[in-house]
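Raw target21.txt, compact mmCIF, C-alpha atoms:
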```txt
# COMPACT_ATOMS: atom_id res chain seq x y z
CA MET A 389 -20.88 -45.78 -32.88
CA GLY A 390 -18.19 -46.62 -30.32
CA SER A 391 -16.22 -48.80 -32.71
CA GLU A 392 -16.57 -46.20 -35.47
CA LEU A 393 -15.21 -43.50 -33.15
CA ALA A 394 -12.31 -45.73 -32.10
CA GLN A 395 -11.52 -46.44 -35.77
CA LEU A 396 -11.51 -42.73 -36.59
CA LEU A 397 -9.24 -42.00 -33.63
CA VAL A 398 -6.75 -44.65 -34.74
CA ASN A 399 -6.86 -43.37 -38.32
CA GLY A 400 -6.40 -39.81 -37.07
CA LEU A 401 -3.38 -40.68 -34.93
CA VAL A 402 -1.71 -42.52 -37.81
CA ALA A 403 -2.49 -39.66 -40.22
CA GLY A 404 -1.25 -37.11 -37.67
CA ILE A 405 2.09 -38.85 -37.15
CA VAL A 406 2.65 -39.02 -40.92
CA LEU A 407 1.60 -35.36 -41.25
CA ALA A 408 4.11 -34.43 -38.56
CA VAL A 409 7.04 -35.28 -40.86
CA PRO A 410 6.45 -32.50 -43.44
CA ALA A 411 5.16 -30.21 -40.66
CA ILE A 412 8.55 -30.48 -38.92
CA GLY A 413 10.23 -29.57 -42.21
CA PHE A 414 7.95 -26.55 -42.64
CA THR A 415 8.47 -25.23 -39.13
CA ALA A 416 12.25 -25.83 -39.20
CA ILE A 417 12.57 -23.74 -42.35
CA TYR A 418 10.42 -21.03 -40.78
CA ALA A 419 12.49 -21.04 -37.59
CA VAL A 420 15.79 -20.49 -39.42
CA LEU A 421 14.80 -18.50 -42.52
CA ARG A 422 11.82 -16.66 -40.98
CA PHE A 423 9.30 -17.05 -43.79
CA PRO A 424 6.60 -19.66 -44.54
CA ASN A 425 8.00 -21.68 -47.43
CA PHE A 426 4.90 -22.90 -49.25
CA ALA A 427 7.15 -24.44 -51.90
CA LEU A 428 7.18 -27.37 -49.50
CA ALA A 429 4.05 -28.54 -51.35
CA SER A 430 5.85 -29.08 -54.65
CA HIS A 431 8.85 -30.66 -52.92
CA ALA A 432 6.54 -33.16 -51.23
CA THR A 433 5.35 -34.05 -54.73
CA ILE A 434 8.93 -34.27 -56.02
CA GLY A 435 9.83 -36.62 -53.17
CA ALA A 436 6.75 -38.74 -53.80
CA PHE A 437 7.67 -39.19 -57.48
CA ALA A 438 11.35 -39.79 -56.73
CA GLY A 439 10.33 -42.56 -54.35
CA TYR A 440 7.93 -43.88 -56.99
CA VAL A 441 10.73 -44.16 -59.56
CA ALA A 442 12.97 -45.97 -57.05
CA ASN A 443 10.16 -48.31 -56.00
CA ALA A 444 8.11 -49.00 -59.13
CA THR A 445 10.83 -48.62 -61.78
CA LEU A 446 14.03 -49.69 -60.02
CA GLY A 447 12.38 -52.26 -57.77
CA TRP A 448 13.48 -50.87 -54.41
CA PRO A 449 11.33 -51.77 -51.40
CA ALA A 450 9.21 -48.90 -50.14
CA TRP A 451 11.16 -48.39 -46.92
CA ALA A 452 14.40 -48.01 -48.90
CA ALA A 453 12.82 -45.78 -51.57
CA VAL A 454 11.97 -43.31 -48.79
CA SER A 455 15.66 -42.42 -48.58
CA VAL A 456 15.60 -41.50 -52.29
CA ALA A 457 12.56 -39.30 -51.68
CA PHE A 458 14.45 -37.52 -48.89
CA VAL A 459 17.65 -36.93 -50.84
CA VAL A 460 16.04 -35.85 -54.13
CA ALA A 461 13.55 -33.49 -52.45
CA GLY A 462 16.31 -32.12 -50.21
CA ILE A 463 18.66 -31.38 -53.11
CA ALA A 464 15.80 -29.80 -55.06
CA GLY A 465 15.00 -27.69 -52.00
CA VAL A 466 18.54 -26.33 -51.73
CA VAL A 467 18.84 -25.60 -55.46
CA ASN A 468 15.46 -23.88 -55.67
CA ASP A 469 16.07 -21.86 -52.52
CA GLN A 470 19.46 -20.63 -53.72
CA LEU A 471 18.29 -19.79 -57.24
CA VAL A 472 14.78 -18.44 -56.59
CA LEU A 473 14.02 -17.64 -52.95
CA ARG A 474 17.33 -16.42 -51.53
CA PRO A 475 17.38 -13.31 -53.78
CA LEU A 476 13.88 -12.48 -52.53
CA ARG A 477 14.57 -12.79 -48.80
CA PRO A 478 15.91 -9.23 -48.35
CA ALA A 479 12.53 -7.94 -49.59
CA GLY A 480 10.77 -9.49 -46.60
CA ALA A 481 8.83 -12.57 -45.52
CA LEU A 482 5.66 -11.73 -47.46
CA THR A 483 7.48 -11.27 -50.77
CA THR A 484 9.45 -14.47 -50.25
CA ALA A 485 6.31 -16.42 -49.33
CA ILE A 486 4.59 -15.21 -52.52
CA GLY A 487 7.68 -16.25 -54.47
CA ALA A 488 7.45 -19.69 -52.84
CA VAL A 489 3.84 -20.04 -54.00
CA ALA A 490 4.87 -19.13 -57.55
CA LEU A 491 7.75 -21.61 -57.36
CA THR A 492 5.32 -24.33 -56.28
CA ILE A 493 3.13 -23.72 -59.32
CA VAL A 494 6.14 -23.92 -61.66
CA LEU A 495 7.51 -27.10 -60.08
CA GLU A 496 4.12 -28.83 -60.08
CA ASN A 497 3.83 -28.16 -63.80
CA VAL A 498 7.35 -29.52 -64.37
CA VAL A 499 6.29 -32.73 -62.63
CA ARG A 500 3.12 -32.78 -64.74
CA PHE A 501 5.18 -32.36 -67.92
CA VAL A 502 7.50 -35.26 -67.00
CA PHE A 503 5.02 -37.74 -65.49
CA GLY A 504 1.64 -36.62 -66.83
CA ASN A 505 -1.59 -36.21 -64.87
CA ASP A 506 -2.38 -39.89 -64.33
CA LEU A 507 -2.71 -41.30 -60.83
CA ARG A 508 0.19 -43.60 -59.99
CA GLY A 509 0.50 -46.23 -57.30
CA TYR A 510 3.57 -47.74 -55.69
CA ALA A 511 4.54 -51.37 -56.23
CA LEU A 512 3.36 -52.78 -52.91
CA PRO A 513 2.47 -56.34 -51.90
CA ILE A 514 -1.22 -57.00 -51.35
CA ARG A 515 -1.80 -57.73 -47.67
CA ARG A 516 -4.95 -58.05 -45.63
CA ASP A 517 -5.76 -55.53 -42.94
CA TRP A 518 -5.24 -56.51 -39.33
CA GLN A 519 -8.27 -56.46 -37.04
CA TRP A 520 -8.38 -56.13 -33.29
CA ALA A 521 -11.44 -55.32 -31.17
CA GLY A 522 -13.30 -54.21 -34.29
CA ILE A 523 -10.54 -51.80 -35.33
CA ARG A 524 -8.87 -52.29 -38.71
CA ILE A 525 -5.35 -51.16 -39.58
CA GLY A 526 -3.36 -51.96 -42.67
CA PRO A 527 0.20 -53.35 -42.60
CA GLN A 528 1.27 -50.49 -44.87
CA GLN A 529 -0.14 -47.98 -42.38
CA VAL A 530 1.98 -49.57 -39.65
CA GLU A 531 5.06 -49.43 -41.89
CA ASN A 532 4.36 -45.77 -42.69
CA LEU A 533 3.94 -45.10 -38.98
CA ALA A 534 7.29 -46.72 -38.20
CA ILE A 535 9.08 -44.74 -40.93
CA ALA A 536 7.52 -41.47 -39.73
CA VAL A 537 8.47 -42.12 -36.11
CA ALA A 538 12.03 -43.05 -37.14
CA ALA A 539 12.32 -39.83 -39.16
CA MET A 540 11.10 -37.72 -36.24
CA LEU A 541 13.44 -39.42 -33.78
CA ALA A 542 16.34 -38.80 -36.17
CA VAL A 543 15.46 -35.10 -36.29
CA PHE A 544 15.29 -34.76 -32.51
CA VAL A 545 18.59 -36.62 -32.04
CA PHE A 546 20.26 -34.51 -34.75
CA LEU A 547 19.09 -31.22 -33.23
CA GLY A 548 19.81 -32.21 -29.66
CA PHE A 549 23.13 -34.04 -29.87
CA THR A 550 25.08 -32.93 -32.95
CA ARG A 551 27.17 -29.82 -33.38
CA THR A 552 25.43 -28.90 -36.62
CA GLY A 553 22.02 -29.35 -35.02
CA LYS A 554 22.98 -27.06 -32.16
CA ALA A 555 24.23 -24.49 -34.68
CA MET A 556 20.83 -24.61 -36.41
CA ARG A 557 19.09 -24.02 -33.10
CA ALA A 558 21.42 -21.10 -32.36
CA VAL A 559 20.64 -19.44 -35.71
CA ALA A 560 16.92 -19.98 -35.10
CA ASP A 561 17.18 -18.32 -31.67
CA ASP A 562 19.36 -15.33 -32.63
CA PRO A 563 21.09 -15.17 -36.05
CA THR A 564 23.15 -12.11 -35.10
CA LEU A 565 24.53 -13.67 -31.92
CA ALA A 566 25.15 -16.94 -33.76
CA GLY A 567 27.16 -15.04 -36.39
CA LEU A 568 29.27 -13.40 -33.66
CA LYS A 569 30.10 -16.88 -32.37
CA GLY A 570 31.40 -17.90 -35.79
CA ILE A 571 28.39 -19.85 -37.04
CA ASP A 572 27.95 -19.59 -40.82
CA ALA A 573 24.28 -18.63 -41.17
CA GLU A 574 24.22 -19.28 -44.93
CA ARG A 575 25.55 -22.79 -44.48
CA VAL A 576 22.95 -23.41 -41.80
CA ALA A 577 20.26 -22.06 -44.15
CA ARG A 578 21.31 -24.51 -46.86
CA LEU A 579 21.32 -27.43 -44.44
CA THR A 580 17.90 -26.40 -43.15
CA SER A 581 16.50 -26.21 -46.69
CA PHE A 582 17.93 -29.64 -47.45
CA GLY A 583 16.58 -31.23 -44.28
CA GLY A 584 13.23 -29.45 -44.32
CA MET A 585 12.46 -30.20 -47.96
CA GLY A 586 13.83 -33.72 -47.55
CA LEU A 587 11.29 -34.30 -44.77
CA ALA A 588 8.63 -32.88 -47.09
CA GLY A 589 9.65 -35.46 -49.70
CA VAL A 590 9.40 -38.25 -47.13
CA GLY A 591 5.97 -37.00 -46.07
CA GLY A 592 4.80 -36.84 -49.68
CA MET A 593 5.87 -40.43 -50.29
CA LEU A 594 4.29 -41.70 -47.07
CA LEU A 595 1.00 -40.07 -48.08
CA GLY A 596 1.30 -41.65 -51.52
CA LEU A 597 1.99 -45.10 -50.08
CA ASP A 598 -1.40 -44.96 -48.38
CA THR A 599 -3.25 -43.80 -51.51
CA THR A 600 -1.85 -42.73 -54.90
CA ILE A 601 0.25 -39.85 -56.21
CA ASP A 602 -0.18 -37.21 -58.91
CA PRO A 603 1.28 -33.73 -59.55
CA LEU A 604 -1.04 -32.21 -56.92
CA THR A 605 -0.10 -34.59 -54.09
CA GLY A 606 1.74 -31.92 -52.12
CA PHE A 607 -0.76 -29.17 -52.90
CA ARG A 608 -3.59 -31.17 -51.33
CA VAL A 609 -1.77 -31.52 -48.03
CA ILE A 610 -0.09 -28.12 -47.66
CA LEU A 611 -3.03 -26.55 -45.82
CA SER A 612 -2.97 -29.34 -43.22
CA VAL A 613 0.82 -28.97 -42.88
CA PHE A 614 0.53 -25.20 -42.42
CA ALA A 615 -2.32 -25.64 -39.95
CA ALA A 616 -0.26 -28.14 -37.94
CA ALA A 617 2.65 -25.68 -37.76
CA VAL A 618 0.38 -22.78 -36.74
CA VAL A 619 -1.54 -24.82 -34.14
CA GLY A 620 1.66 -26.08 -32.54
CA GLY A 621 3.48 -22.75 -32.80
CA LEU A 622 5.46 -21.60 -35.83
CA GLY A 623 9.13 -22.37 -35.27
CA SER A 624 8.47 -25.03 -32.63
CA ILE A 625 9.38 -28.55 -33.75
CA PRO A 626 7.69 -30.26 -30.77
CA GLY A 627 4.74 -27.97 -31.52
CA ALA A 628 4.66 -29.21 -35.12
CA VAL A 629 4.22 -32.76 -33.83
CA VAL A 630 1.48 -31.76 -31.40
CA GLY A 631 -0.23 -29.67 -34.08
CA ALA A 632 -0.05 -32.49 -36.63
CA LEU A 633 -1.62 -34.96 -34.22
CA THR A 634 -4.34 -32.43 -33.42
CA ILE A 635 -5.12 -31.77 -37.08
CA GLY A 636 -4.94 -35.46 -38.02
CA VAL A 637 -7.42 -36.51 -35.34
CA ALA A 638 -9.68 -33.50 -35.97
CA GLU A 639 -9.84 -34.18 -39.72
CA GLU A 640 -10.81 -37.81 -39.13
CA LEU A 641 -13.40 -36.99 -36.47
CA SER A 642 -14.94 -34.41 -38.78
CA LEU A 643 -16.04 -37.31 -41.01
CA ILE A 644 -18.72 -38.11 -38.43
CA SER A 645 -20.71 -35.07 -39.54
CA LEU A 646 -19.00 -33.83 -42.73
CA ALA A 647 -18.50 -35.30 -46.18
CA PRO A 648 -14.86 -36.25 -46.93
CA ALA A 649 -14.64 -33.40 -49.46
CA TYR A 650 -14.96 -30.88 -46.60
CA ARG A 651 -12.34 -32.33 -44.25
CA THR A 652 -9.77 -29.76 -45.41
CA ALA A 653 -12.00 -27.09 -43.84
CA VAL A 654 -10.71 -28.35 -40.49
CA GLY A 655 -7.36 -26.75 -41.27
CA PHE A 656 -8.97 -23.37 -41.95
CA VAL A 657 -10.99 -23.55 -38.73
CA ALA A 658 -7.95 -24.60 -36.69
CA ILE A 659 -5.87 -21.70 -38.04
CA LEU A 660 -8.65 -19.19 -37.31
CA LEU A 661 -9.19 -20.49 -33.76
CA VAL A 662 -5.50 -20.52 -32.88
CA LEU A 663 -4.82 -17.07 -34.34
CA THR A 664 -7.82 -15.73 -32.41
CA LEU A 665 -7.36 -17.47 -29.05
CA ARG A 666 -3.64 -18.27 -28.86
CA PRO A 667 -1.65 -16.58 -31.66
CA ARG A 668 1.65 -18.11 -30.52
CA GLY A 669 0.29 -21.65 -30.84
CA LEU A 670 -0.15 -24.41 -28.29
CA LEU A 671 3.54 -24.61 -27.40
CA GLY A 672 4.54 -21.08 -28.38
CA GLU A 673 6.92 -19.85 -31.08
CA ARG A 674 10.52 -20.80 -31.64
CA ALA A 675 10.84 -23.67 -29.17
CA TYR A 676 13.21 -25.12 -31.76
```

Show how you would write the structure in this file as structure tokens.
Amino acid sequence: MGSELAQLLVNGLVAGIVLAVPAIGFTAIYAVLRFPNFALASHATIGAFAGYVANATLGWPAWAAVSVAFVVAGIAGVVNDQLVLRPLRPAGALTTAIGAVALTIVLENVVRFVFGNDLRGYALPIRRDWQWAGIRIGPQQVENLAIAVAAMLAVFVFLGFTRTGKAMRAVADDPTLAGLKGIDAERVARLTSFGGMGLAGVGGMLLGLDTTIDPLTGFRVILSVFAAAVVGGLGSIPGAVVGALTIGVAEELSLISLAPAYRTAVGFVAILLVLTLRPRGLLGERAY
């Protein structure tokens, strides 16, 4: 039992760190644009398939194909936001969120039309799992972990030490005051959509590297991403990381008593508990 628990904890931490990448994208978009962009699900799928084309078709190594996933999903995010969601934003967050759900359905069906419904796997070398003290971890999991950590560090450095990153934080804190200081809120919104959806694409590919991908890859993970953002505090990027680790570990530990098919219920329970006991999340809102 002890070794099984340790294995689940390791799996949960790895899953949580990978989940943190799209969760950061989700919460960054919420912090700047002030609506939950559920179209992140379809952009995670777009990124996963873009990385698949670079890896399986063009022969790029997985770590390099991740950059393609980021760029393609980011560009798609900007285009779709400008064409579909931006006209809806004046109508309010609820209307825009519903529009994002509709956009996700459309984009998933576009992916299905182009690639079909078949499960697809990346071109990865076959390597044996590493074992230590009865705990198994795959080399690909370690590589995914390293990519996820590098992506998160890049985000924190960008937000903390670049002029553009500071402008994004200013718009997230007070768009009106930021505008008075000469910050172009629309430009910041486009950059946020690019970065947030790019991170979603990276997250989608990292999830696919550990399993397989299909047109519903992003849809299956969006509840966990949303739960991570809510648990940590919507608008808080450090909170997204804490929330993702919490959800990742909780989902794995739930396998002790639940069938794998019910692990997604952990996200529902986490959202209900946080909204009931601490509505602002573990770290509070807007600690961008």

> Residues at most 10 Å from A:Ile486, counting all atoms listed in the file, excluding those fewer than 3 positions away in the same chain, as a PyMOL selection string?
Replying inline: chain A and resi 424-427+473+476+481-483+489-492

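Nearest to A:Glu639 of all the residues A:Ile625, A:Val472, A:Ile417, A:Ala658 is A:Ala658, based on all atoms listed in the file.
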
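As for atom CA of A:Phe546 and atom CA of A:Thr634, they are spaced 24.7 Å apart.
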
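A straight line drawn from atom CA of A:Leu665 to atom CA of A:Ala617 is 15.6 Å long.
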
>> I'd like the interatomic distance between atom CA of A:Gly636 and atom CA of A:Phe544, to a tenth of an Å.
In response: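 A separation of 21.0 Å between them.
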
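Taking only C-alpha atoms into account, A:Val618 lies nearest to A:Thr415 out of the set A:Thr415, A:Asn497, A:Thr552, A:Ser645.
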
> Could you name the residues that touch A:Val609 at 12 Å or less, counting only C-alpha atoms, but leaving out those on the same chain fewer than 2 positions away, as JSON, numbers by chain?
Replying inline: {"A": [403, 404, 406, 407, 408, 409, 410, 411, 426, 428, 429, 430, 431, 432, 433, 588, 591, 592, 593, 594, 595, 596, 601, 604, 605, 606, 607, 611, 612, 613, 614, 615, 616, 632, 635, 636, 639, 651, 652, 653, 655]}

> Of the candidates A:Val441, A:Ala464, A:Ala542, A:Val654, which shows the shortest atom-to-atom distance to A:Arg578, using only C-alpha atoms?
Replying inline: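 The shortest atom-to-atom distance to A:Arg578 comes from A:Ala464.
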
>> Which residues are near stretch 516-533 of chain A? Cut-off 8 Å, all atoms listed in the file, ignore same chain within fewer than 2 positions. Put them as number ranges by chain.
In response: A: 391, 394-395, 402, 405-406, 451, 514, 535-537, 594, 597-598

> Nearest to A:Pro475 among A:Val662, A:Leu641, A:Ala488, A:Ala560, with distances taken over all atoms listed in the file: which residue is it?
Replying inline: A:Ala488

Test item: write stretch 436-490 of chain A with C-alpha atoms as a PDB file, in the first residue's frame:
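What ended up in decode.pdb:
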```
ATOM      1  CA  ALA A 436      -1.410  18.796 -29.927  1.00  0.00           C
ATOM      2  CA  PHE A 437      -2.040  18.130 -33.628  1.00  0.00           C
ATOM      3  CA  ALA A 438       0.370  20.844 -34.774  1.00  0.00           C
ATOM      4  CA  GLY A 439       3.067  19.212 -32.668  1.00  0.00           C
ATOM      5  CA  TYR A 440       2.053  15.827 -34.062  1.00  0.00           C
ATOM      6  CA  VAL A 441       2.549  17.031 -37.642  1.00  0.00           C
ATOM      7  CA  ALA A 442       5.967  18.487 -36.774  1.00  0.00           C
ATOM      8  CA  ASN A 443       7.010  15.333 -34.932  1.00  0.00           C
ATOM      9  CA  ALA A 444       5.458  12.413 -36.825  1.00  0.00           C
ATOM     10  CA  THR A 445       5.346  13.916 -40.333  1.00  0.00           C
ATOM     11  CA  LEU A 446       8.312  16.292 -40.452  1.00  0.00           C
ATOM     12  CA  GLY A 447      10.523  14.256 -38.127  1.00  0.00           C
ATOM     13  CA  TRP A 448      11.174  16.916 -35.489  1.00  0.00           C
ATOM     14  CA  PRO A 449      12.100  15.668 -32.008  1.00  0.00           C
ATOM     15  CA  ALA A 450       9.309  16.050 -29.478  1.00  0.00           C
ATOM     16  CA  TRP A 451      11.003  18.813 -27.495  1.00  0.00           C
ATOM     17  CA  ALA A 452      11.374  20.915 -30.661  1.00  0.00           C
ATOM     18  CA  ALA A 453       7.851  20.148 -31.901  1.00  0.00           C
ATOM     19  CA  VAL A 454       6.530  21.734 -28.693  1.00  0.00           C
ATOM     20  CA  SER A 455       7.534  25.135 -30.079  1.00  0.00           C
ATOM     21  CA  VAL A 456       5.348  24.481 -33.143  1.00  0.00           C
ATOM     22  CA  ALA A 457       2.446  23.580 -30.851  1.00  0.00           C
ATOM     23  CA  PHE A 458       2.911  26.885 -29.005  1.00  0.00           C
ATOM     24  CA  VAL A 459       3.116  29.079 -32.105  1.00  0.00           C
ATOM     25  CA  VAL A 460       0.262  27.455 -34.048  1.00  0.00           C
ATOM     26  CA  ALA A 461      -2.117  27.392 -31.061  1.00  0.00           C
ATOM     27  CA  GLY A 462      -1.135  30.968 -30.164  1.00  0.00           C
ATOM     28  CA  ILE A 463      -1.802  32.302 -33.664  1.00  0.00           C
ATOM     29  CA  ALA A 464      -5.099  30.411 -33.801  1.00  0.00           C
ATOM     30  CA  GLY A 465      -5.992  31.923 -30.421  1.00  0.00           C
ATOM     31  CA  VAL A 466      -5.411  35.486 -31.615  1.00  0.00           C
ATOM     32  CA  VAL A 467      -7.298  34.991 -34.890  1.00  0.00           C
ATOM     33  CA  ASN A 468     -10.276  33.314 -33.234  1.00  0.00           C
ATOM     34  CA  ASP A 469     -10.433  35.879 -30.451  1.00  0.00           C
ATOM     35  CA  GLN A 470     -10.381  38.807 -32.872  1.00  0.00           C
ATOM     36  CA  LEU A 471     -12.928  37.315 -35.264  1.00  0.00           C
ATOM     37  CA  VAL A 472     -15.329  35.588 -32.860  1.00  0.00           C
ATOM     38  CA  LEU A 473     -14.923  36.567 -29.208  1.00  0.00           C
ATOM     39  CA  ARG A 474     -13.893  40.225 -29.311  1.00  0.00           C
ATOM     40  CA  PRO A 475     -17.255  41.339 -30.803  1.00  0.00           C
ATOM     41  CA  LEU A 476     -19.002  39.501 -27.955  1.00  0.00           C
ATOM     42  CA  ARG A 477     -17.018  40.986 -25.075  1.00  0.00           C
ATOM     43  CA  PRO A 478     -19.126  44.174 -24.737  1.00  0.00           C
ATOM     44  CA  ALA A 479     -22.151  41.926 -24.054  1.00  0.00           C
ATOM     45  CA  GLY A 480     -20.535  40.619 -20.874  1.00  0.00           C
ATOM     46  CA  ALA A 481     -18.493  37.716 -19.527  1.00  0.00           C
ATOM     47  CA  LEU A 482     -21.328  35.166 -19.616  1.00  0.00           C
ATOM     48  CA  THR A 483     -22.162  35.814 -23.270  1.00  0.00           C
ATOM     49  CA  THR A 484     -18.485  35.673 -24.236  1.00  0.00           C
ATOM     50  CA  ALA A 485     -17.958  32.446 -22.291  1.00  0.00           C
ATOM     51  CA  ILE A 486     -20.920  30.839 -24.090  1.00  0.00           C
ATOM     52  CA  GLY A 487     -19.454  32.028 -27.379  1.00  0.00           C
ATOM     53  CA  ALA A 488     -16.148  30.408 -26.393  1.00  0.00           C
ATOM     54  CA  VAL A 489     -17.918  27.083 -25.793  1.00  0.00           C
ATOM     55  CA  ALA A 490     -19.549  27.308 -29.226  1.00  0.00           C
TER      56      ALA A 490
END
```
